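Chemist: Input file: coords_36.csv. Contents: CSV, C-alpha atoms and all ligand atoms.
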```
chain,number,residue,atom,x,y,z
K,156,MET,CA,1.6,-61.7,-40.8
K,157,GLU,CA,-1.6,-61.9,-38.8
K,158,ILE,CA,-1.9,-62.8,-35.1
K,159,ARG,CA,-5.4,-63.8,-34.1
K,160,THR,CA,-7.4,-65.8,-31.6
K,161,PHE,CA,-8.0,-69.5,-32.4
K,162,ALA,CA,-11.3,-70.3,-34.1
K,163,GLU,CA,-12.9,-73.7,-34.2
K,164,THR,CA,-12.3,-73.9,-38.0
K,165,ASP,CA,-8.5,-73.8,-37.2
K,166,ARG,CA,-8.6,-77.1,-35.3
K,167,ALA,CA,-7.4,-79.5,-38.0
K,168,GLU,CA,-4.7,-77.2,-39.3
K,169,LEU,CA,-3.5,-76.4,-35.8
K,170,ARG,CA,-3.4,-80.1,-35.0
K,171,GLU,CA,-1.2,-80.6,-38.1
K,172,LEU,CA,1.1,-77.7,-37.2
K,173,PHE,CA,1.5,-79.2,-33.7
K,174,GLY,CA,3.4,-82.1,-35.2
K,175,ARG,CA,6.2,-79.9,-36.7
K,176,ALA,CA,6.2,-76.7,-34.8
K,177,GLY,CA,8.6,-77.8,-32.1
K,178,GLU,CA,11.1,-79.3,-34.6
K,179,GLY,CA,14.7,-79.2,-33.6
K,180,ALA,CA,14.1,-77.9,-30.1
K,181,PRO,CA,15.0,-80.1,-27.0
K,182,SER,CA,11.3,-80.0,-26.1
K,183,ALA,CA,10.1,-81.2,-29.6
K,184,SER,CA,8.8,-84.6,-28.3
K,185,LEU,CA,8.4,-86.4,-25.1
K,186,TRP,CA,8.2,-90.0,-26.3
K,187,GLY,CA,7.6,-89.8,-30.0
K,188,HIS,CA,3.8,-90.5,-30.1
K,189,GLU,CA,2.3,-87.4,-31.6
K,190,GLU,CA,-1.4,-88.1,-30.9
K,191,SER,CA,-0.9,-88.6,-27.2
K,192,GLU,CA,1.3,-85.6,-26.9
K,193,ALA,CA,-1.3,-83.4,-28.6
K,194,ALA,CA,-3.9,-84.8,-26.2
K,195,ILE,CA,-1.8,-83.4,-23.4
K,196,TYR,CA,-0.4,-80.2,-24.8
K,197,LEU,CA,-2.9,-79.0,-27.4
K,198,ASP,CA,-6.4,-80.5,-27.3
K,199,PRO,CA,-7.3,-79.4,-23.8
K,200,TYR,CA,-6.4,-75.8,-24.7
K,201,MET,CA,-8.5,-75.9,-27.8
K,202,ASP,CA,-11.4,-77.5,-25.9
K,203,LEU,CA,-11.3,-75.6,-22.6
K,204,GLU,CA,-9.7,-72.2,-23.2
K,205,PRO,CA,-9.9,-71.2,-26.9
K,206,ASP,CA,-9.9,-67.5,-26.0
K,207,SER,CA,-6.4,-67.8,-24.6
K,208,LEU,CA,-5.1,-69.6,-27.7
K,209,PHE,CA,-3.4,-67.4,-30.3
K,210,ILE,CA,-2.2,-68.3,-33.8
K,211,ALA,CA,0.2,-66.7,-36.2
K,212,VAL,CA,-0.9,-66.8,-39.9
K,213,VAL,CA,1.3,-66.1,-42.9
K,214,ASP,CA,-0.2,-66.1,-46.4
K,215,GLY,CA,-3.2,-67.9,-45.1
K,216,ALA,CA,-1.2,-70.7,-43.4
K,217,LEU,CA,-0.7,-71.3,-39.7
K,218,VAL,CA,2.9,-71.0,-38.7
K,219,GLY,CA,2.9,-70.7,-34.9
K,220,TYR,CA,0.7,-70.8,-31.8
K,221,LEU,CA,0.6,-70.0,-28.2
K,222,THR,CA,-1.7,-72.0,-25.8
K,223,GLY,CA,-2.5,-70.0,-22.7
K,224,CYS,CA,-4.4,-70.7,-19.5
K,225,LEU,CA,-5.4,-67.9,-17.2
K,226,ASP,CA,-5.9,-70.0,-14.0
K,227,SER,CA,-3.9,-73.2,-13.9
K,228,SER,CA,-5.7,-74.3,-10.7
K,229,LYS,CA,-9.0,-74.6,-12.8
K,230,PHE,CA,-7.3,-76.5,-15.6
K,231,PRO,CA,-6.5,-80.3,-15.6
K,232,SER,CA,-3.0,-80.6,-14.2
K,233,ASP,CA,0.0,-81.8,-16.2
K,234,SER,CA,-0.1,-85.1,-14.3
K,235,GLU,CA,-3.8,-85.6,-14.8
K,236,ARG,CA,-3.4,-85.0,-18.5
K,237,VAL,CA,-0.4,-87.3,-18.8
K,238,GLU,CA,-2.2,-90.1,-16.8
K,239,LYS,CA,-5.3,-89.8,-19.1
K,240,ALA,CA,-3.2,-90.0,-22.2
K,241,VAL,CA,-1.2,-93.0,-20.9
K,242,ARG,CA,-4.5,-94.9,-20.3
K,243,LYS,CA,-6.3,-93.7,-23.5
K,244,TYR,CA,-3.4,-94.5,-25.8
K,245,ARG,CA,-2.1,-97.5,-23.8
K,246,LEU,CA,1.3,-95.9,-23.9
K,247,VAL,CA,3.0,-98.5,-21.7
K,248,PHE,CA,2.5,-101.0,-24.5
K,249,ARG,CA,4.1,-98.8,-27.2
K,250,PRO,CA,7.8,-99.1,-27.6
K,251,GLY,CA,8.8,-95.4,-27.7
K,252,PRO,CA,6.7,-94.3,-24.8
K,253,ALA,CA,7.5,-97.5,-22.8
K,254,ALA,CA,11.2,-96.7,-23.2
K,255,PHE,CA,10.6,-93.1,-22.0
K,256,PHE,CA,8.8,-94.4,-18.9
K,257,ALA,CA,11.5,-96.9,-18.2
K,258,ARG,CA,14.2,-94.2,-18.5
K,259,GLY,CA,12.1,-92.0,-16.3
K,260,MET,CA,12.1,-94.5,-13.5
K,261,VAL,CA,15.8,-95.0,-13.7
K,262,ASP,CA,16.2,-91.2,-13.6
K,263,MET,CA,13.9,-90.9,-10.5
K,264,VAL,CA,16.0,-93.5,-8.7
K,265,TRP,CA,19.2,-91.8,-9.8
K,266,ALA,CA,17.9,-88.4,-8.5
K,267,ALA,CA,16.7,-89.9,-5.2
K,268,VAL,CA,20.1,-91.5,-4.5
K,269,ARG,CA,21.7,-88.1,-5.1
K,270,ARG,CA,18.9,-86.4,-3.0
K,271,GLU,CA,18.1,-84.2,-5.9
K,272,PRO,CA,14.6,-83.1,-6.8
K,273,THR,CA,12.9,-83.9,-10.1
K,274,ALA,CA,10.7,-81.7,-12.3
K,275,GLY,CA,7.2,-80.8,-11.1
K,276,SER,CA,4.5,-78.2,-11.7
K,277,ILE,CA,4.3,-74.9,-10.0
K,278,ASP,CA,1.4,-73.8,-7.9
K,279,ASP,CA,1.9,-70.2,-6.8
K,280,ALA,CA,-0.8,-67.5,-6.5
K,281,ARG,CA,1.6,-64.9,-7.8
K,282,TRP,CA,1.7,-66.6,-11.3
K,283,PRO,CA,-1.6,-68.5,-11.8
K,284,ALA,CA,-1.5,-68.3,-15.6
K,285,HIS,CA,0.7,-70.5,-17.8
K,286,LEU,CA,1.5,-70.9,-21.5
K,287,HIS,CA,3.2,-73.0,-24.2
K,288,ILE,CA,4.5,-71.6,-27.4
K,289,ASN,CA,5.7,-73.1,-30.6
K,290,VAL,CA,6.6,-71.6,-34.0
K,291,GLU,CA,7.6,-73.7,-37.0
K,292,PRO,CA,11.2,-73.4,-38.1
K,293,ARG,CA,10.7,-71.1,-41.1
K,294,ALA,CA,8.8,-68.6,-39.0
K,295,ARG,CA,11.3,-68.4,-36.2
K,296,GLY,CA,13.2,-65.1,-36.0
K,297,THR,CA,10.4,-63.3,-38.0
K,298,GLY,CA,8.5,-61.7,-35.2
K,299,ALA,CA,5.7,-64.4,-35.1
K,300,ALA,CA,6.7,-65.5,-31.6
K,301,ASP,CA,7.0,-61.9,-30.5
K,302,GLY,CA,3.5,-61.2,-31.9
K,303,LEU,CA,1.9,-64.2,-30.2
K,304,MET,CA,3.5,-63.4,-26.8
K,305,LYS,CA,2.5,-59.7,-27.0
K,306,ARG,CA,-1.2,-60.8,-27.6
K,307,TRP,CA,-1.0,-63.1,-24.6
K,308,LEU,CA,0.6,-60.5,-22.3
K,309,ASP,CA,-2.1,-58.1,-23.4
K,310,ARG,CA,-4.8,-60.6,-22.5
K,311,LEU,CA,-3.1,-61.1,-19.1
K,312,ARG,CA,-3.2,-57.3,-18.5
K,313,GLU,CA,-6.8,-56.9,-19.7
K,314,THR,CA,-8.1,-59.7,-17.5
K,315,GLY,CA,-6.2,-58.4,-14.4
K,316,SER,CA,-4.0,-61.5,-14.1
K,317,PRO,CA,-1.5,-61.3,-11.2
K,318,GLY,CA,1.1,-63.1,-13.3
K,319,CYS,CA,2.1,-66.0,-15.5
K,320,HIS,CA,4.6,-68.9,-15.3
K,321,LEU,CA,6.0,-71.2,-17.9
K,322,GLN,CA,8.2,-74.3,-17.8
K,323,THR,CA,10.8,-74.8,-20.4
K,324,LEU,CA,14.2,-76.5,-20.4
K,325,VAL,CA,17.6,-75.1,-19.3
K,326,GLU,CA,19.0,-76.7,-22.5
K,327,ASN,CA,16.4,-74.9,-24.7
K,328,THR,CA,18.7,-71.8,-24.7
K,329,ARG,CA,16.9,-70.1,-27.6
K,330,ALA,CA,13.6,-70.3,-25.8
K,331,VAL,CA,15.0,-69.1,-22.5
K,332,ARG,CA,16.6,-66.1,-24.3
K,333,PHE,CA,13.3,-65.4,-26.1
K,334,PHE,CA,11.3,-65.5,-22.8
K,335,GLU,CA,13.8,-63.2,-21.1
K,336,ARG,CA,13.5,-60.8,-23.9
K,337,MET,CA,9.7,-60.9,-23.5
K,338,GLY,CA,10.0,-60.0,-19.8
K,339,PHE,CA,10.1,-63.4,-18.1
K,340,ALA,CA,12.6,-64.1,-15.3
K,341,LYS,CA,14.1,-67.4,-14.3
K,342,HIS,CA,12.6,-68.8,-11.1
K,343,GLY,CA,13.5,-71.5,-8.6
K,344,PRO,CA,15.6,-74.6,-9.1
K,345,THR,CA,16.4,-76.5,-12.3
K,346,PRO,CA,15.6,-80.1,-11.6
K,347,LEU,CA,16.0,-83.1,-13.8
K,348,VAL,CA,13.1,-84.0,-16.1
K,349,PRO,CA,12.8,-87.8,-15.8
K,350,GLY,CA,12.9,-89.8,-19.0
K,351,MET,CA,13.6,-86.8,-21.4
K,352,ARG,CA,16.7,-86.8,-23.6
K,353,HIS,CA,18.0,-84.6,-26.3
K,354,ASP,CA,21.0,-85.7,-28.3
K,355,GLY,CA,21.4,-88.4,-25.7
K,356,LYS,CA,21.7,-85.9,-22.8
K,357,ARG,CA,19.5,-85.5,-19.8
K,358,LEU,CA,17.4,-82.4,-19.6
K,359,HIS,CA,16.5,-79.9,-16.8
K,360,GLN,CA,13.4,-77.9,-16.1
K,361,GLN,CA,13.6,-74.1,-16.2
K,362,THR,CA,10.6,-72.3,-14.6
K,363,MET,CA,10.2,-68.7,-15.6
K,364,VAL,CA,7.7,-66.1,-14.4
K,365,TRP,CA,6.2,-62.8,-15.5
K,366,SER,CA,4.3,-60.2,-13.5
K,367,PRO,CA,2.5,-57.2,-15.1
F,401,LIG,C1,11.1,-70.4,-28.7
F,401,LIG,C2,10.6,-69.7,-29.9
F,401,LIG,C3,9.1,-69.5,-29.7
F,401,LIG,C4,11.2,-68.3,-30.0
F,401,LIG,O1,10.8,-67.6,-31.2
F,401,LIG,P1,11.8,-67.0,-32.2
F,401,LIG,O2,11.1,-66.3,-33.2
F,401,LIG,O3,12.7,-68.1,-32.5
F,401,LIG,O4,12.5,-65.9,-31.2
F,401,LIG,P2,14.0,-65.4,-31.1
F,401,LIG,O5,14.0,-64.5,-30.0
F,401,LIG,O6,14.9,-66.6,-31.0
F,401,LIG,O7,14.2,-64.7,-32.4
F,401,LIG,C5,13.7,-63.5,-32.6
F,401,LIG,C6,14.5,-62.8,-33.6
F,401,LIG,O8,13.6,-62.3,-34.5
F,401,LIG,C7,13.8,-60.9,-34.5
F,401,LIG,N1,12.5,-60.3,-34.8
F,401,LIG,C8,11.6,-59.9,-33.9
F,401,LIG,N2,10.6,-59.3,-34.5
F,401,LIG,C9,10.9,-59.3,-35.8
F,401,LIG,C10,10.2,-58.9,-37.0
F,401,LIG,N3,9.0,-58.2,-36.9
F,401,LIG,N4,10.7,-59.1,-38.2
F,401,LIG,C11,11.9,-59.7,-38.2
F,401,LIG,N5,12.6,-60.1,-37.2
F,401,LIG,C12,12.1,-59.9,-36.0
F,401,LIG,C13,14.3,-60.6,-33.2
F,401,LIG,O9,15.0,-59.3,-33.2
F,401,LIG,C14,15.3,-61.7,-32.9
F,401,LIG,O10,16.5,-61.6,-33.6
F,401,LIG,P3,17.9,-61.8,-32.9
F,401,LIG,O11,17.9,-63.2,-32.4
F,401,LIG,O12,18.9,-61.6,-34.0
F,401,LIG,O13,18.0,-60.8,-31.9
F,401,LIG,C15,10.8,-70.4,-31.2
F,401,LIG,O14,12.2,-70.5,-31.4
F,401,LIG,C16,10.3,-71.8,-31.2
F,401,LIG,O15,9.1,-72.1,-31.4
F,401,LIG,N6,11.2,-72.8,-31.0
F,401,LIG,C17,10.8,-74.2,-31.0
F,401,LIG,C18,9.8,-74.6,-30.0
F,401,LIG,C19,10.2,-74.2,-28.6
F,401,LIG,O16,11.3,-74.3,-28.1
F,401,LIG,N7,9.2,-73.7,-27.9
F,401,LIG,C20,9.3,-73.3,-26.5
F,401,LIG,C21,9.1,-74.4,-25.6
F,401,LIG,S1,9.0,-74.0,-23.9
```
Here is the file; what I need is its structure written in the form of structure tokens.

Modeler:
Amino acid sequence: MEIRTFAETDRAELRELFGRAGEGAPSASLWGHEESEAAIYLDPYMDLEPDSLFIAVVDGALVGYLTGCLDSSKFPSDSERVEKAVRKYRLVFRPGPAAFFARGMVDMVWAAVRREPTAGSIDDARWPAHLHINVEPRARGTGAADGLMKRWLDRLRETGSPGCHLQTLVENTRAVRFFERMGFAKHGPTPLVPGMRHDGKRLHQQTMVWSP
């Protein structure tokens, strides 16, 4: 297995891997429209920070990737990226995404009535970097994810980063265990993620942080 930095020639294959790498995980899809989800979670990382994007290759084929960002304050925020995708792909007029947004509104009201917070992004100078990682099912438990994460943690150390955060789901227990094994610690509350469901159940955001 080879772990290396993304090259422009990987773009099409990585975009194809994006569609299946999250399979089975509670985080696999937001609203079931791959192109717009890639526009939020993959394309900006290939376009804006290719040196923080690592890929795992087995027998010449991409099997996993980690998209990193050294300074989240200089990167388009989650909400900016979502808003742009909603406009570009006219998501409110598509059945899957429209149902997601409708559920999201109901969830927000439900949380407000219970005076509970909902998911949001973290802006803390102790952990300015962030990452997303996905490894396709056949490469899980093979060391591909470990290799990707080690490369990213090396980059954080080499660049003198104060620290890194990530946001996963409480219900993604395999991912949480993996991140803890890699040195991340749970941080802050675990609010509801409006609109998201897995096996019909509501999901909760888990923020995790790492310091060198
Ligand atoms: C989350 C994710 C990246 C974790 O990667 P993973 O490879 O599944 O990591 P795990 O820690 O579960 O498994 C690692 C296993 O491989 C083993 N392993 C590590 N290096 C190895 C190597 N070189 N050779 C063989 N096995 C190895 C570990 O010992 C561990 O085994 P254990 O569970 O029996 O202790 C991956 O499961 C994934 O992409 N899931 C779907 C998408 C997702 O949830 N992404 C995160 C969203 S926030």

Chemist: So which one's closest to Gly219 of chain K, K:Pro272, K:Pro283, K:Pro292, K:Gly259? Using only C-alpha atoms, please.

Modeler: K:Pro292

Chemist: Please compute the atom CA of Glu163 of chain K-atom CA of Lys239 of chain K distance, one decimal, in Å.

Modeler: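 Answer for the atom CA of Glu163 of chain K to atom CA of Lys239 of chain K separation: 23.3 Å.
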
Chemist: Throw together the list of residues within 7 Å of ligand LIG 401 (chain F), counting only C-alpha atoms and all ligand atoms, and drop it here as a PyMOL selection string.

Modeler: chain K and resi 176-183+287-291+294-301+322-324+327+329-330+332-333

Chemist: Figure out the distance between atom CA of Tyr244 of chain K and atom CA of His188 of chain K, please, to one decimal in Å.

Modeler: 9.3 Å

Chemist: Could you check how far atom CA of Arg293 of chain K sits from atom CA of Gly355 of chain K, in Å to one decimal?

Modeler: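 Value for the atom CA of Arg293 of chain K-atom CA of Gly355 of chain K distance: 25.5 Å.
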
Chemist: Tell me which protein, DNA and RNA residues are within 10 Å of segment 339-343 of chain K, counting only C-alpha atoms, leaving out same-chain ones fewer than 2 positions away, and put them as JSON, numbers by chain.

Modeler: {"K": [277, 319, 320, 321, 322, 325, 331, 332, 333, 334, 335, 336, 337, 345, 346, 360, 361, 362, 363, 364, 365, 366]}

Chemist: Per residue of segment 236-282 of chain K within 12 Å of segment 191-206 of chain K, what are the shortest atom pair and its distance in Å to one decimal, counting all atoms listed in the file, with rows by chain and residue number, as a Markdown table?

Modeler:
```
| residue | atom | partner | partner_atom | distance |
| --- | --- | --- | --- | --- |
| K:Arg236 | CA | K:Ile195 | CA | 5.4 |
| K:Val237 | CA | K:Ile195 | CA | 6.2 |
| K:Glu238 | CA | K:Ile195 | CA | 9.4 |
| K:Lys239 | CA | K:Ile195 | CA | 8.5 |
| K:Ala240 | CA | K:Ser191 | CA | 5.7 |
| K:Val241 | CA | K:Ser191 | CA | 7.7 |
| K:Arg242 | CA | K:Ser191 | CA | 10.0 |
| K:Lys243 | CA | K:Ser191 | CA | 8.3 |
| K:Tyr244 | CA | K:Ser191 | CA | 6.6 |
| K:Arg245 | CA | K:Ser191 | CA | 9.6 |
| K:Leu246 | CA | K:Ser191 | CA | 8.3 |
| K:Val247 | CA | K:Ser191 | CA | 12.0 |
| K:Arg249 | CA | K:Ser191 | CA | 11.4 |
| K:Gly251 | CA | K:Ser191 | CA | 11.9 |
| K:Pro252 | CA | K:Ser191 | CA | 9.8 |
```

Chemist: Neighbourhood query: residues within 10 Å of (4.7, -52.4, -17.6), file coordinates, counting all atoms listed in the file; return as a PyMOL selection string.

Modeler: chain K and resi 312+338+366-367
